[in-house]
There are 2 protein chains.
Amino acid sequence: MRNGSGPTTSSKYARSSRGVDDAVKCRVCRGRAVIAVRRHNAGFCKDHFIAHIHRQVERTISDYGMFGHGERLLLGVSGGKDSLALWEILTVLGHEVDGVYLHLGIGDYSSDGLRFSQEFAARRELSLEVVDLEGEHGFSVPQASEVTARVACSACGLSKRYLLNEVAFRRGYDVLVVGHNLDDEAAVLWGNVLRWQVDYLSRQRPVLPASEEGLLRKVKPLVRVAERETAAYAVLRGIDYEIEECPMASGNTINRNKEWLNLMEERSPGLKAQFLFGFLDRGAAYFPPNPPDLAMCGECGQPTPGELCAFCRLKKATVVRIADRRSL
Amino acid sequence: MRNGSGPTTSSKYARSSRGVDDAVKCRVCRGRAVIAVRRHNAGFCKDHFIAHIHRQVERTISDYGMFGHGERLLLGVSGGKDSLALWEILTVLGHEVDGVYLHLGIGDYSSDGLRFSQEFAARRELSLEVVDLEGEHGFSVPQASEVTARVACSACGLSKRYLLNEVAFRRGYDVLVVGHNLDDEAAVLWGNVLRWQVDYLSRQRPVLPASEEGLLRKVKPLVRVAERETAAYAVLRGIDYEIEECPMASGNTINRNKEWLNLMEERSPGLKAQFLFGFLDRGAAYFPPNPPDLAMCGECGQPTPGELCAFCRLKKATVVRIADRRSL
């Protein structure tokens with residue numbers, strides 16, 4: 001894979017953001033550019049790139065009616081570039097945003113992510129809550145994956161969606177904010193279209209509305225910002241973030257789809273944005289939201305289409321089997 | 001591009017169909033396979049591959065209710081592997097199919113295609129009509145493309161759709177048959193999804209119904225057969241066909257999309273079929289047919305949503321400019 005087409009570490013991002021051809025000028029001030037954004041056919045100097053990103057996110061929040069000033073926002077923070085960049089951006093834009101870190105028990109990856117998140121929050125005097133999956137629920141994501149023979153990313157995604165909503169609901173927040181960027185959303189859309197998973201297409205939106213049964217409104221303010229741009233933003237703002245990708249996710253479907261999209265983007269700059277926003281602007285209306293009837297989970301009280309929510313089922317299956325193993 | 005991932009000539013197809021690992025056995029008789037079809041995880045000997053293709057096409061005709069025995073079928077024939085293989089298959093299946101060759105004036109490509117089509121028809125005593133674009137309408141596709149500065153494939157596609165329907169209608173056929181294969185349909189779908197061209201998604205079906213205004217029912221019996229399989233079928237049945245691709249189409253969007261899909265298919269056998277049939281089985285219902293109101297073209301009487309059909313507009317523009325040039 002060529003440089004710039006699919007970098008996965010901060011050093012690569014930094015290189016791609018610093019290694020811009022000297023001839024590229026900032027679109028705004030004509031000074032030397034530090035980053036070229038090919039799909040906008042534009043270069044930016046440091047200050048104007050940062051301003052550009054702020055404007056992109058502000059416009060996204062406004063265009064999709066994500067939230068207003070005064071609403072209580074809780075951001076899911078992983079310690080990676082996207083969530084920390086988003087926390088910074090939203091704070092600069094004047095929103096009050098608390099963070100929550102989900103400790104999923106994935107070895108150094110989790111403890112490093114926690115450290116980066118805590119350092120970020122401490123330096124900016126922001127409030128970070130930590131939810132410890134193992135401490136509070138008795139199992140980690142690797143354990144759940146192993147003992148239930150479930151794909152790790154599936155057990156993890158399910159746990160994250162549950163825990164984020166649960167804590168946001170319990171603490172009385174208005175809106176749940178997540179750091180999914182343009183590449184994430186395009187790769188998920190891609191996978192859903194390749195298999196025509198029409199139920200998922202109905203749910204792929206930058207704003208998922210709240211439900212009466214206790215699902216919070218969930219918003220994705222970074223959908224207009226590409227992965228290499230959140231990385232460049234973090235580097236340029238001096239944000240220290242977790243460079244490593246999750247060791248359990250390497251080679252998963254979304255990452256494979258990202259690689260394909262990066263190869264195609266390399267050949268046709270703007271393809272990812274065209275694909276994602278073509279869907280949101282024209283395609284999505286053909287897949288109207290089709291929310292299931294929700295009830296309260298008999299175990300935890302969180303909304304679920306069944307009697308027991310998927311998280312409580314996962315927890316039960318995992319904890320029982322961990323106990324079985326210990327008793328052997 | 002690796003061998004097998006995107007062959008474009010008959011010799012490559014032949015190699016890939018003949019160069020099968022000796023260990024691969026025919027799924028049916030356990031004899032030595034001449035072709036491996038990875039998406040079906042199956043090998044076939046010559047006879048059982050041919051029977052497999054016949055069955056695939058028969059099933060496609062039946063599943064989509066394309067036509068019945070006794071209906072008068074007109075097949076658009078280019079002299080390439082797909083249309084000649086389809087002519088052979090339909091004849092073997094007991095359908096009476098006449099062919100029509102559209103001579104579009106694309107140099108040796110057109111005259112060679114005509115020759116292969118005529119030889120095929122003569123040897124099997126099938127009826128082939130020839131429509132000569134330049135002789136009957138006063139211009140060729142290269143001229144239309146040049147003088148109107150229109151992309152050649154666009155002028156060509158428009159002319160082919162028009163001429164096929166016009167001749168089938170005039171001659172009183174019931175059904176218009178075209179040789180689009182799985183790769184063609186998947187690549188077109190792909191392009192339409194990348195740009196979310198929702199009007200085109202409403203029209204992408206293996207059967208397009210007839211309209212009262214004179215559009216014939218149009219069917220694509222090869223949608224379940226991949227390009228390398230039609231090529232292998234043609235080679236194994238001893239069909240001589242035009243190997244060269246259209247010189248005006250090289251590098252066009254559909255061919256580029258085919259290359260991407262071939263790379264992905266190489267990695268995930270079955271991906272193209274999953275994508276296309278996922279759409280037809282689940283996605284297409286979300287994009288219901290939305291046919292425009294049609295009237296009769298004021299010039300030629302063929303159905304059109306406007307006053308003058310697109311072909312007559314193209315013809316007018318081209319012929320006028322050719323005359324202008326001659327008078328200079």
# chains A, B, ... in the order shown; residues from 1 in each chain; ligands from 1
call {"tool": "interface_residues", "arguments": {"of": "chain A", "to": "chain B", "cutoff": "6 Å", "atoms": "only C-alpha atoms", "output": "JSON, numbers by chain"}}
result
{"A": [194, 195, 196, 275, 278, 279, 283, 286]}
call {"tool": "write_last_selection", "arguments": {"atoms": "N, CA and C atoms", "output": "PDB file, in the first residue's frame"}}
result
ATOM      1  N   LEU A 194     -22.247  -4.043   0.297  1.00  0.00           N
ATOM      2  CA  LEU A 194     -21.738  -5.252  -0.371  1.00  0.00           C
ATOM      3  C   LEU A 194     -22.651  -6.441  -0.088  1.00  0.00           C
ATOM      4  N   ARG A 195     -23.194  -6.480   1.124  1.00  0.00           N
ATOM      5  CA  ARG A 195     -24.075  -7.600   1.493  1.00  0.00           C
ATOM      6  C   ARG A 195     -25.551  -7.194   1.483  1.00  0.00           C
ATOM      7  N   TRP A 196     -25.830  -5.948   1.119  1.00  0.00           N
ATOM      8  CA  TRP A 196     -27.199  -5.430   1.124  1.00  0.00           C
ATOM      9  C   TRP A 196     -27.908  -5.778   2.426  1.00  0.00           C
ATOM     10  N   PHE A 275     -19.316   8.708  -1.866  1.00  0.00           N
ATOM     11  CA  PHE A 275     -20.071   7.492  -1.561  1.00  0.00           C
ATOM     12  C   PHE A 275     -20.913   7.687  -0.300  1.00  0.00           C
ATOM     13  N   GLY A 278     -23.376  10.740  -0.814  1.00  0.00           N
ATOM     14  CA  GLY A 278     -24.375  10.328  -1.801  1.00  0.00           C
ATOM     15  C   GLY A 278     -25.450   9.485  -1.131  1.00  0.00           C
ATOM     16  N   PHE A 279     -24.997   8.599  -0.247  1.00  0.00           N
ATOM     17  CA  PHE A 279     -25.971   7.787   0.496  1.00  0.00           C
ATOM     18  C   PHE A 279     -26.823   8.672   1.396  1.00  0.00           C
ATOM     19  N   GLY A 283     -29.528   8.280  -1.020  1.00  0.00           N
ATOM     20  CA  GLY A 283     -29.862   6.871  -0.804  1.00  0.00           C
ATOM     21  C   GLY A 283     -30.657   6.621   0.470  1.00  0.00           C
ATOM     22  N   TYR A 286     -34.400   6.113   0.939  1.00  0.00           N
ATOM     23  CA  TYR A 286     -35.016   4.866   0.476  1.00  0.00           C
ATOM     24  C   TYR A 286     -35.019   3.786   1.563  1.00  0.00           C
TER      25      TYR A 286
END
call {"tool": "residues_around", "arguments": {"residues": "segment 103-108 of chain A", "least_positions_apart": "4", "cutoff": "6 Å", "atoms": "only C-alpha atoms", "output": "ChimeraX atom specification"}}
result
/A:112,131-133,140-141
call {"tool": "select_by_dssp", "arguments": {"residues": "segment 16-238 of chain B", "states": "helix (DSSP H, G or I)", "output": "PyMOL selection string"}}
result
chain B and resi 16-18+38-40+46-63+81-92+107-124+133-137+141-148+152-170+182-194+198-203+227-236
call {"tool": "select_by_dssp", "arguments": {"residues": "segment 7-243 of chain B", "states": "strand (DSSP E)", "output": "PyMOL selection string"}}
result
chain B and resi 35-37+42-44+73-77+97-103+128-132+175-177+207-208+217-219
call {"tool": "write_last_selection", "arguments": {"atoms": "C-alpha atoms", "output": "mmCIF file, in the first residue's frame"}}
result
data_model
loop_
_atom_site.group_PDB
_atom_site.id
_atom_site.type_symbol
_atom_site.label_atom_id
_atom_site.label_comp_id
_atom_site.auth_asym_id
_atom_site.auth_seq_id
_atom_site.Cartn_x
_atom_site.Cartn_y
_atom_site.Cartn_z
ATOM 1 C CA ILE B 35 -12.475 -25.200 -14.737
ATOM 2 C CA ALA B 36 -12.720 -24.290 -11.074
ATOM 3 C CA VAL B 37 -15.575 -21.999 -10.085
ATOM 4 C CA ALA B 42 -16.658 -26.446 -7.382
ATOM 5 C CA GLY B 43 -14.726 -27.837 -10.323
ATOM 6 C CA PHE B 44 -16.294 -29.167 -13.504
ATOM 7 C CA LEU B 73 -36.878 -13.525 -29.069
ATOM 8 C CA LEU B 74 -34.413 -11.098 -30.593
ATOM 9 C CA LEU B 75 -30.855 -11.202 -29.238
ATOM 10 C CA GLY B 76 -28.426 -8.313 -29.555
ATOM 11 C CA VAL B 77 -25.243 -9.936 -30.898
ATOM 12 C CA VAL B 97 -33.792 -16.795 -31.092
ATOM 13 C CA ASP B 98 -32.927 -14.510 -33.950
ATOM 14 C CA GLY B 99 -29.926 -12.243 -33.741
ATOM 15 C CA VAL B 100 -29.324 -8.642 -34.665
ATOM 16 C CA TYR B 101 -25.889 -7.182 -35.188
ATOM 17 C CA LEU B 102 -25.535 -3.427 -34.847
ATOM 18 C CA HIS B 103 -22.723 -2.162 -37.047
ATOM 19 C CA LEU B 128 -29.012 -12.658 -38.204
ATOM 20 C CA GLU B 129 -30.189 -9.192 -39.156
ATOM 21 C CA VAL B 130 -27.605 -6.446 -39.574
ATOM 22 C CA VAL B 131 -28.367 -2.823 -38.784
ATOM 23 C CA ASP B 132 -25.803 -0.450 -40.205
ATOM 24 C CA VAL B 175 -38.718 -9.951 -26.125
ATOM 25 C CA LEU B 176 -35.358 -8.272 -26.488
ATOM 26 C CA VAL B 177 -32.486 -10.365 -25.091
ATOM 27 C CA VAL B 207 -36.093 -8.160 -16.555
ATOM 28 C CA LEU B 208 -37.252 -4.715 -17.622
ATOM 29 C CA ARG B 217 -39.530 -6.422 -22.491
ATOM 30 C CA LYS B 218 -35.756 -6.643 -22.098
ATOM 31 C CA VAL B 219 -34.082 -9.581 -20.372
#
call {"tool": "atom_distance", "arguments": {"atom1": "atom CA of His48 of chain A", "atom2": "atom CA of Trp87 of chain A"}}
result
19.1 Å
call {"tool": "residues_around", "arguments": {"residues": "Pro142 of chain A", "least_positions_apart": "6", "cutoff": "12 Å", "atoms": "only C-alpha atoms", "output": "PyMOL selection string"}}
result
chain A and resi 103-107+109-110+133-134+148-156+159+246-249+318+322
call {"tool": "write_last_selection", "arguments": {"atoms": "N, CA and C atoms", "output": "PDB file, in the first residue's frame"}}
result
ATOM      1  N   HIS A 103     -13.285   0.869  29.944  1.00  0.00           N
ATOM      2  CA  HIS A 103     -12.129  -0.021  30.062  1.00  0.00           C
ATOM      3  C   HIS A 103     -12.627  -1.429  29.784  1.00  0.00           C
ATOM      4  N   LEU A 104     -12.216  -1.968  28.609  1.00  0.00           N
ATOM      5  CA  LEU A 104     -12.760  -3.243  28.136  1.00  0.00           C
ATOM      6  C   LEU A 104     -11.845  -4.420  28.438  1.00  0.00           C
ATOM      7  N   GLY A 105     -10.703  -4.110  29.088  1.00  0.00           N
ATOM      8  CA  GLY A 105      -9.818  -5.196  29.513  1.00  0.00           C
ATOM      9  C   GLY A 105      -8.997  -5.806  28.390  1.00  0.00           C
ATOM     10  N   ILE A 106      -8.673  -4.983  27.375  1.00  0.00           N
ATOM     11  CA  ILE A 106      -7.865  -5.502  26.260  1.00  0.00           C
ATOM     12  C   ILE A 106      -6.400  -5.131  26.507  1.00  0.00           C
ATOM     13  N   GLY A 107      -5.797  -5.732  27.530  1.00  0.00           N
ATOM     14  CA  GLY A 107      -4.361  -5.610  27.829  1.00  0.00           C
ATOM     15  C   GLY A 107      -3.841  -4.182  27.818  1.00  0.00           C
ATOM     16  N   TYR A 109      -3.487  -2.222  25.406  1.00  0.00           N
ATOM     17  CA  TYR A 109      -4.281  -1.336  24.559  1.00  0.00           C
ATOM     18  C   TYR A 109      -5.279  -0.561  25.409  1.00  0.00           C
ATOM     19  N   SER A 110      -5.931  -1.257  26.326  1.00  0.00           N
ATOM     20  CA  SER A 110      -6.918  -0.586  27.171  1.00  0.00           C
ATOM     21  C   SER A 110      -6.251   0.332  28.189  1.00  0.00           C
ATOM     22  N   LEU A 133     -15.371  -2.540  32.649  1.00  0.00           N
ATOM     23  CA  LEU A 133     -16.229  -3.683  32.297  1.00  0.00           C
ATOM     24  C   LEU A 133     -16.002  -4.846  33.259  1.00  0.00           C
ATOM     25  N   GLU A 134     -14.734  -5.155  33.514  1.00  0.00           N
ATOM     26  CA  GLU A 134     -14.451  -6.318  34.357  1.00  0.00           C
ATOM     27  C   GLU A 134     -14.858  -6.036  35.806  1.00  0.00           C
ATOM     28  N   THR A 148     -17.390 -17.335  24.582  1.00  0.00           N
ATOM     29  CA  THR A 148     -18.617 -17.492  23.794  1.00  0.00           C
ATOM     30  C   THR A 148     -18.305 -17.793  22.333  1.00  0.00           C
ATOM     31  N   ALA A 149     -17.011 -17.881  22.003  1.00  0.00           N
ATOM     32  CA  ALA A 149     -16.582 -18.128  20.611  1.00  0.00           C
ATOM     33  C   ALA A 149     -17.218 -17.118  19.660  1.00  0.00           C
ATOM     34  N   ARG A 150     -17.361 -15.916  20.169  1.00  0.00           N
ATOM     35  CA  ARG A 150     -17.950 -14.847  19.376  1.00  0.00           C
ATOM     36  C   ARG A 150     -16.818 -13.999  18.813  1.00  0.00           C
ATOM     37  N   VAL A 151     -16.988 -13.448  17.600  1.00  0.00           N
ATOM     38  CA  VAL A 151     -15.970 -12.554  17.056  1.00  0.00           C
ATOM     39  C   VAL A 151     -15.753 -11.410  18.044  1.00  0.00           C
ATOM     40  N   ALA A 152     -14.489 -11.117  18.351  1.00  0.00           N
ATOM     41  CA  ALA A 152     -14.188 -10.115  19.372  1.00  0.00           C
ATOM     42  C   ALA A 152     -14.862  -8.777  19.072  1.00  0.00           C
ATOM     43  N   CYS A 153     -14.800  -8.340  17.791  1.00  0.00           N
ATOM     44  CA  CYS A 153     -15.335  -7.020  17.457  1.00  0.00           C
ATOM     45  C   CYS A 153     -16.851  -6.970  17.646  1.00  0.00           C
ATOM     46  N   SER A 154     -17.490  -8.098  17.527  1.00  0.00           N
ATOM     47  CA  SER A 154     -18.931  -8.139  17.734  1.00  0.00           C
ATOM     48  C   SER A 154     -19.260  -8.012  19.224  1.00  0.00           C
ATOM     49  N   ALA A 155     -18.566  -8.789  20.058  1.00  0.00           N
ATOM     50  CA  ALA A 155     -18.773  -8.687  21.506  1.00  0.00           C
ATOM     51  C   ALA A 155     -18.408  -7.287  21.998  1.00  0.00           C
ATOM     52  N   CYS A 156     -17.375  -6.718  21.399  1.00  0.00           N
ATOM     53  CA  CYS A 156     -16.891  -5.403  21.833  1.00  0.00           C
ATOM     54  C   CYS A 156     -17.875  -4.307  21.431  1.00  0.00           C
ATOM     55  N   SER A 159     -20.922  -4.423  23.551  1.00  0.00           N
ATOM     56  CA  SER A 159     -20.665  -3.931  24.912  1.00  0.00           C
ATOM     57  C   SER A 159     -20.527  -2.418  24.928  1.00  0.00           C
ATOM     58  N   CYS A 246      -6.464  -1.329  17.975  1.00  0.00           N
ATOM     59  CA  CYS A 246      -6.848  -2.435  18.845  1.00  0.00           C
ATOM     60  C   CYS A 246      -6.281  -3.745  18.295  1.00  0.00           C
ATOM     61  N   PRO A 247      -5.536  -4.507  19.125  1.00  0.00           N
ATOM     62  CA  PRO A 247      -4.925  -5.749  18.623  1.00  0.00           C
ATOM     63  C   PRO A 247      -5.967  -6.804  18.230  1.00  0.00           C
ATOM     64  N   MET A 248      -7.167  -6.687  18.777  1.00  0.00           N
ATOM     65  CA  MET A 248      -8.185  -7.690  18.452  1.00  0.00           C
ATOM     66  C   MET A 248      -8.897  -7.374  17.137  1.00  0.00           C
ATOM     67  N   ALA A 249      -8.707  -6.149  16.644  1.00  0.00           N
ATOM     68  CA  ALA A 249      -9.465  -5.729  15.454  1.00  0.00           C
ATOM     69  C   ALA A 249      -8.659  -5.862  14.172  1.00  0.00           C
ATOM     70  N   THR A 318     -21.036 -15.350  29.500  1.00  0.00           N
ATOM     71  CA  THR A 318     -19.609 -15.259  29.768  1.00  0.00           C
ATOM     72  C   THR A 318     -19.297 -15.554  31.227  1.00  0.00           C
ATOM     73  N   ILE A 322     -16.965 -18.465  32.745  1.00  0.00           N
ATOM     74  CA  ILE A 322     -15.745 -18.162  33.514  1.00  0.00           C
ATOM     75  C   ILE A 322     -15.800 -18.909  34.846  1.00  0.00           C
TER      76      ILE A 322
END
call {"tool": "closest_residue", "arguments": {"among": "B:Gly135, B:Gly31, B:Pro269, B:Gly80", "to": "Gly113 of chain B", "atoms": "only C-alpha atoms"}}
result
B:Gly80
call {"tool": "residues_around", "arguments": {"residues": "Pro206 of chain B", "least_positions_apart": "6", "cutoff": "8 Å", "atoms": "only C-alpha atoms", "output": "list in words"}}
result
Tyr64, Val219, Lys220, Pro221 and Val223 of chain B
call {"tool": "write_last_selection", "arguments": {"atoms": "N, CA, C and O atoms", "output": "JSON list (two decimals), in the first residue's frame"}}
result
[["chain", "number", "residue", "atom", "x", "y", "z"],
["B", 64, "TYR", "N", -36.85, -15.56, -12.96],
["B", 64, "TYR", "CA", -37.26, -14.18, -13.19],
["B", 64, "TYR", "C", -38.41, -14.10, -14.20],
["B", 64, "TYR", "O", -38.81, -12.99, -14.58],
["B", 219, "VAL", "N", -34.50, -8.59, -21.37],
["B", 219, "VAL", "CA", -34.08, -9.58, -20.37],
["B", 219, "VAL", "C", -32.59, -9.89, -20.49],
["B", 219, "VAL", "O", -31.99, -9.75, -21.55],
["B", 220, "LYS", "N", -32.03, -10.31, -19.35],
["B", 220, "LYS", "CA", -30.58, -10.58, -19.27],
["B", 220, "LYS", "C", -30.34, -11.98, -18.70],
["B", 220, "LYS", "O", -30.04, -12.13, -17.52],
["B", 221, "PRO", "N", -30.44, -13.00, -19.53],
["B", 221, "PRO", "CA", -30.37, -14.38, -19.00],
["B", 221, "PRO", "C", -29.00, -14.78, -18.47],
["B", 221, "PRO", "O", -28.89, -15.81, -17.81],
["B", 223, "VAL", "N", -27.17, -13.16, -16.21],
["B", 223, "VAL", "CA", -26.76, -12.47, -14.97],
["B", 223, "VAL", "C", -26.15, -13.40, -13.93],
["B", 223, "VAL", "O", -25.44, -12.93, -13.04]]
call {"tool": "atom_distance", "arguments": {"atom1": "atom CA of Ala323 of chain B", "atom2": "atom CA of Phe311 of chain B"}}
result
17.9 Å
call {"tool": "residues_around", "arguments": {"residues": "Glu213 of chain B", "least_positions_apart": "5", "cutoff": "8 Å", "atoms": "only C-alpha atoms", "output": "PDB file with N, CA and C atoms, in the first residue's frame"}}
result
ATOM      1  N   LEU B 294     -44.065   8.264 -21.009  1.00  0.00           N
ATOM      2  CA  LEU B 294     -43.484   8.216 -22.348  1.00  0.00           C
ATOM      3  C   LEU B 294     -44.482   8.720 -23.388  1.00  0.00           C
ATOM      4  N   ALA B 295     -43.935   9.333 -24.409  1.00  0.00           N
ATOM      5  CA  ALA B 295     -44.747   9.737 -25.563  1.00  0.00           C
ATOM      6  C   ALA B 295     -44.027   9.220 -26.813  1.00  0.00           C
ATOM      7  N   MET B 296     -44.560   9.527 -27.978  1.00  0.00           N
ATOM      8  CA  MET B 296     -43.894   9.107 -29.217  1.00  0.00           C
ATOM      9  C   MET B 296     -42.946  10.205 -29.678  1.00  0.00           C
ATOM     10  N   GLN B 302     -40.521   6.338 -31.906  1.00  0.00           N
ATOM     11  CA  GLN B 302     -40.143   5.467 -30.788  1.00  0.00           C
ATOM     12  C   GLN B 302     -40.471   6.166 -29.459  1.00  0.00           C
ATOM     13  N   PRO B 303     -40.663   5.372 -28.395  1.00  0.00           N
ATOM     14  CA  PRO B 303     -41.037   5.975 -27.109  1.00  0.00           C
ATOM     15  C   PRO B 303     -39.921   6.847 -26.521  1.00  0.00           C
TER      16      PRO B 303
END
